[in-house]
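Q: Got a structure for you, written out below as structure tokens; questions coming shortly.
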Amino acid sequence: MEITCKINNVEKRLVFEPHERLLDVLRREGYDGVKNGCSAGDCGTCTVIVNGRAVKSCLMFAAQAKDEEITTIEGIGTDENPHPLQQTFVETGAIQCGFCTPGMILSAKALLDKNPNPTEDEIKRAIEGNLCRCTGYVKIIEAVKLASMRMGGRRK
Amino acid sequence: MREFKVVGKSVPKVDAFSLALGKPLFADDIELRGMLHAKILWSPHAHARIKNIDTSKAEVLPGVHAVFCYKNVPRVIHTSAGQGWPEPSPYDIVMFDNKVRHVGDRVAAVAAETEEIAEKALRLIKVEYELLPTVFDPERAMDEGAPVIHDEPDCKYIIPVFYDPKHNHCAHIDLEVGNFEQGIKEADFVIEHKFKTHHEQHCSLEPHTCICYFDHAGRLVVRTSTQVPFHVRRIVAQCLQVPVRMIRVIKPRIGGGFGGKQEVLIEDVCTMLAMRTKHPVRLVYTRGEEFTSARVRHPMVMWAKTGVRKDGTITAIQLKVLSNAGAYGSHAMTVMNNTCAKALPLFHCENIEWIADAVYTNLIPGGAYRGYGVTQAAFPMGVMMDKMAETIGMDPVDFWKMNTIKKGETSPIFKALSETGKGVEMIVESCSLPECIDRGAEIFGWREKRERYKNQPKGPVKYAVGMSCMVQGGTVPLIDMASAFAKMNDDGSFNLLIGATDLGTGADTVLAQIFAETLDIPVEDVIVYPSDTDITPFDKGAYASGTTYLSGMAVLKTAEKIKEQILNVAADMLGEPKEDLRIENKAVISSKSGKRVEFSQIVKRALYSKDQFQIAAIASELSRLPPQSFAAHFAEVAVDTETGQVKVLSYVAAVDCGTAVNPKLVEGQVEGAILNGISYALTEEFFFDDKGRMLNPSFSDYKIFSAPDIPKITTILVPSYEPTGPYGAKTVGEVNINGPLPAISNAIYNAVGIRLCDTPFTPERVLRSLKEKEKKGQTGQR
């Protein structure tokens, strides 16, 4: 099969077998920030943003990405110009092993894009589908709050 | 307390930024030309002999390059435990056997051009099993006539310890200090309880991953998600029957370990497939395989008996331990030993008896898991302490303070036993546990909350608080060794090559801080390169809470040697005696003349100008004693008596890990360990059917906590100064996972009057206990 879609603001032509998942195709195309932790939609390490929504790319056929806009961790910030969430995750100590980090940051970004000033409960719910075994989530929640503040949310 | 420039500062993790950007840093983030994909065929039976296995159809499937089973690989009996040599675990496993001992045991493996072809090939393998009787209950495993799980003649320990596989008896040790029976006679009250702890999976988000390929000399390069690269090198060489020099192990960034990756779980078969096919081979576990074919925390049955006097003196402690090793004895003896060696030194008591057995069963094998036996023992001991305090009418805070080891004291256990056998005598030279208890209680509001919850609200939900204290010694003394190598570059920066293995814990950062502190340079000037068996010097690996303490001392000694060399060159450059010189802010300054020479000038002279040489050093450190880290934990719970649901509302941990080299990273270790512990106490559970099959091998059916589940967690660091550690540091990786089971159990008791001695504290178990309590007509005394 062959489709076109937009990945990180670049038009892409993807070729794959009909049964292949978006996760597999993205990793094959070099988007290594998309992780595979369970292949069952439970862990959230393969999270990407599709048309503004955080989705688990292991639960999506690649074919379903036709004409969609996909954002991976590689598309939201660079060494020179990181996304505020990437910055605050580093500063607050929200990253230990880092395997859950790309998915966690993308879920948080999808939240902040819609709701720049989330409550703590809203943050927790937004990252509910992203498991982390290292941090206990304390510093991850702190990182999202701090990014929300820096991005112009009203939180003090 | 000393003031430091870099140590004690929360500098960001050296790899955090790259991880935040999603850079390809993990084992599976490389793609090699011609790489094959490996898949493993697992046993559907808990105990069976393989009468025949026919791989012919799989072998001829287009795209298949190799099919392995017991018929075509060498039988090398070894242990999969990633421990130092000689390993204190039985040699009872081979790459493929003609017998399977648990559901999920290895039967065969395939390497093929795609994962799909490999999976198809597995389905073409025909296996004829002869089913054997099974034993799952550890209390039945040593019965006369119980099926013998390891009947192969070649299983053995390579160290002189008890081993009786004909009776499924994997390990036994007992010891007595003082006189336990006499201690019981001296008691005013004697308390006895039976406890059970359950299976737990590590749930590292990154599954076990190994990619094996070849270097320019045809050697095997093993890129693997491991905690123990040097042990992987040794054990892979053993399994493949090739010299160690043929193997290079590289540890990239690791997606969490928690003990699960202190195991040579997949590297043997992955490298063997590569060696035979001459192709790079990739082997990655699925999440399901993590649950059925990796390792777990050893479940244990424990009997505790203690004697206490009215004045609060504990006169006797007895702990009997029966550990369920599962089908293989990896880490069985050492985890069992830690239920005494690293758990009981916490207590003031002259008469201690400890009797421990580990037995084989036809369930998933146990292995290393954060806490390593101390988690299991801390549960009965924490509950017994609470019950003793209650019995004599003392506040648990006071009872714990009275009965726990203090600075300057020793415990006879230190000498009697270590993780591997004989212990070492030691005095506890740093301990702020009493302050931890006081400050934890104060910030938690212990006394206020106990007062408040004397009056429970109307309705089904009851509230209460509970506490427990814990210890965890770091390293295995006289066995664990770490080393570091460093060299100075043109610009005054340093390459720091360490065998130590950062799993996401922040070890690279902490060790860079220790190096930077010693040479008075910024952390940015330390380029850390970890865990590559060709390049970095040896380190025992990331386990036993050893990295900050032990690898930290190796790094400190390396930096001190470098400092000497720098001062020598500077003395010659300045024409002043070395004794007058000091290092300060990337330069050497003369205290006499005030003259100054920069590091970059010193190194340029050493490399290019005069008496040229490379400023470089290597140093090793052997652990001489296990530094004791302490914590006091406080839990506030709500128990719904209608649903049985237990909710942890708030949790306070006050922690003594010596100097916190990087406080933010220490907090991260504490918070992560606590949440893992709470999740283990309340929701994580293995369900097996009567055939020994695990019924819930997925994150949707094996519930680990996610963000909405977390209570309010408060971490308080209460420093002490450990004179044998780098800048006073001890260890922090494990100790805090030992608190939630006892603290929550004690809180549940205070809320609804049931002593939960079986884990986990699920709604079913809570309701059942409440019903039993009702039946017995006990009053809900608090």
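Letters for chains follow the order of the structure tokens (A, B, ...), residue numbers begin at 1 for each chain, and ligand numbers begin at 1 in the order shown.
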Residues near Thr101 of chain A, anyone? I mean within 8 Å using only C-alpha atoms, not counting same-chain ones fewer than 3 positions away, as a count of residues only.
A: 8
Q: So which residues of segment 541-728 of chain B fall under strand (DSSP E) by DSSP, listed as number ranges by chain?
A: B: 581-584, 587-590, 596-598, 616-622, 628-640, 646-656, 712-717
Q: Give me, as CSV, the closest atom pair and its distance (Å, one decimal) for every residue of chain B within a cut-off of 8 Å of chain A, counting only C-alpha atoms, rows sorted by chain and rising number.
A:
```
residue,atom,partner,partner_atom,distance
B:Pro12,CA,A:Glu91,CA,6.1
B:Lys13,CA,A:Val90,CA,7.4
B:Ala16,CA,A:Val90,CA,5.6
B:Phe17,CA,A:Val90,CA,6.0
B:Leu19,CA,A:Gly98,CA,5.5
B:Ala20,CA,A:Gln86,CA,5.3
B:Leu21,CA,A:Ile73,CA,6.4
B:Gly22,CA,A:Gly33,CA,4.2
B:Lys23,CA,A:Gly33,CA,6.1
B:Pro24,CA,A:Asp32,CA,5.4
B:Asp29,CA,A:Asp32,CA,6.1
B:Cys203,CA,A:Arg133,CA,6.9
B:Ser204,CA,A:Arg133,CA,6.3
B:Leu205,CA,A:Gly37,CA,5.5
B:Glu206,CA,A:Gly37,CA,5.6
B:Pro207,CA,A:Gly37,CA,6.5
B:Arg253,CA,A:Cys97,CA,7.5
B:Ile254,CA,A:Cys97,CA,6.3
B:Gly255,CA,A:Cys97,CA,4.9
B:Gly256,CA,A:Cys97,CA,5.5
B:Thr286,CA,A:Cys38,CA,6.6
B:Arg287,CA,A:Cys38,CA,4.9
B:Gly288,CA,A:Cys38,CA,7.9
B:Leu503,CA,A:Cys97,CA,6.2
B:Gly504,CA,A:Cys97,CA,3.4
B:Thr505,CA,A:Gln96,CA,5.8
B:Gly506,CA,A:Gln96,CA,6.8
B:Lys664,CA,A:Gly93,CA,6.3
B:Leu665,CA,A:Gly93,CA,6.6
B:Gly668,CA,A:Thr135,CA,5.5
B:Gln669,CA,A:Thr135,CA,7.0
B:Glu671,CA,A:Gly136,CA,5.2
B:Gly672,CA,A:Gly136,CA,4.2
B:Ala673,CA,A:Gly136,CA,7.5
B:Ile674,CA,A:Gly136,CA,7.4
B:Leu675,CA,A:Gly136,CA,5.2
B:Asn676,CA,A:Arg133,CA,7.0
B:Ser698,CA,A:Cys38,CA,7.8
B:Phe699,CA,A:Asp42,CA,5.8
B:Ser700,CA,A:Asp42,CA,6.1
B:Phe705,CA,A:Leu131,CA,7.7
B:Ser706,CA,A:Glu128,CA,5.7
B:Ala707,CA,A:Lys124,CA,5.1
B:Pro708,CA,A:Lys124,CA,5.1
B:Ile710,CA,A:Gly136,CA,7.6
B:Ile713,CA,A:Val138,CA,7.6
```
Q: What is the distance between atom CA of Lys320 of chain B and atom CA of Gly145 of chain B, in Å to one decimal?
A: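 Atom CA of Lys320 of chain B sits 23.7 Å away from atom CA of Gly145 of chain B.
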Q: Which one is closest to Asn8 of chain A: A:Ala62, A:Leu112, A:Ala147, A:Val50? Count only C-alpha atoms.
A: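 Between A:Ala62, A:Leu112, A:Ala147, A:Val50, the residue approaching Asn8 of chain A most closely is A:Val50.
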Q: Neighbouring residues of segment 229-234 of chain B were defined as those with any atom within 7 Å, considering only C-alpha atoms; residues of the same chain fewer than 4 positions away were excluded. Please report them as a compact mmCIF listing (two decimals) with N, CA and C atoms, in the first residue's frame.
A:
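New file out.txt:
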```txt
# COMPACT_ATOMS: atom_id res chain seq x y z
N GLY B 82 22.94 -12.63 36.52
CA GLY B 82 24.07 -11.78 36.17
C GLY B 82 24.83 -11.36 37.40
N GLN B 83 25.56 -12.30 37.97
CA GLN B 83 26.30 -12.05 39.21
C GLN B 83 27.79 -12.24 38.96
N GLY B 84 28.60 -11.81 39.92
CA GLY B 84 30.05 -11.99 39.81
C GLY B 84 30.41 -13.46 39.86
N GLN B 238 30.74 -18.26 27.98
CA GLN B 238 30.56 -19.59 28.56
C GLN B 238 29.54 -20.40 27.75
N VAL B 244 36.36 -15.26 26.03
CA VAL B 244 35.79 -13.95 26.38
C VAL B 244 36.25 -12.89 25.38
N ILE B 247 34.01 -11.57 22.52
CA ILE B 247 32.73 -10.91 22.81
C ILE B 247 32.97 -9.46 23.24
N ARG B 248 32.19 -8.56 22.69
CA ARG B 248 32.16 -7.18 23.18
C ARG B 248 30.72 -6.84 23.53
N VAL B 249 30.49 -6.37 24.72
CA VAL B 249 29.14 -6.00 25.14
C VAL B 249 29.06 -4.49 25.29
N ILE B 250 28.06 -3.92 24.62
CA ILE B 250 27.83 -2.48 24.70
C ILE B 250 26.46 -2.24 25.32
N LYS B 251 26.44 -1.41 26.32
CA LYS B 251 25.17 -1.04 26.92
C LYS B 251 24.82 0.36 26.43
N VAL B 264 21.01 -12.80 32.36
CA VAL B 264 21.38 -13.06 30.97
C VAL B 264 20.23 -13.86 30.36
N SER B 531 30.11 1.65 30.32
CA SER B 531 29.68 0.27 30.07
C SER B 531 29.87 -0.24 28.66
N THR B 533 32.44 -3.20 27.23
CA THR B 533 33.46 -4.11 27.77
C THR B 533 34.78 -4.04 27.01
N PHE B 538 36.38 -2.61 34.22
CA PHE B 538 35.36 -3.48 34.82
C PHE B 538 34.54 -2.75 35.89
N LYS B 540 31.11 -4.24 38.48
CA LYS B 540 30.24 -5.39 38.71
C LYS B 540 28.87 -5.18 38.07
N GLY B 541 28.49 -3.92 37.83
CA GLY B 541 27.20 -3.66 37.20
C GLY B 541 26.27 -2.96 38.16
```
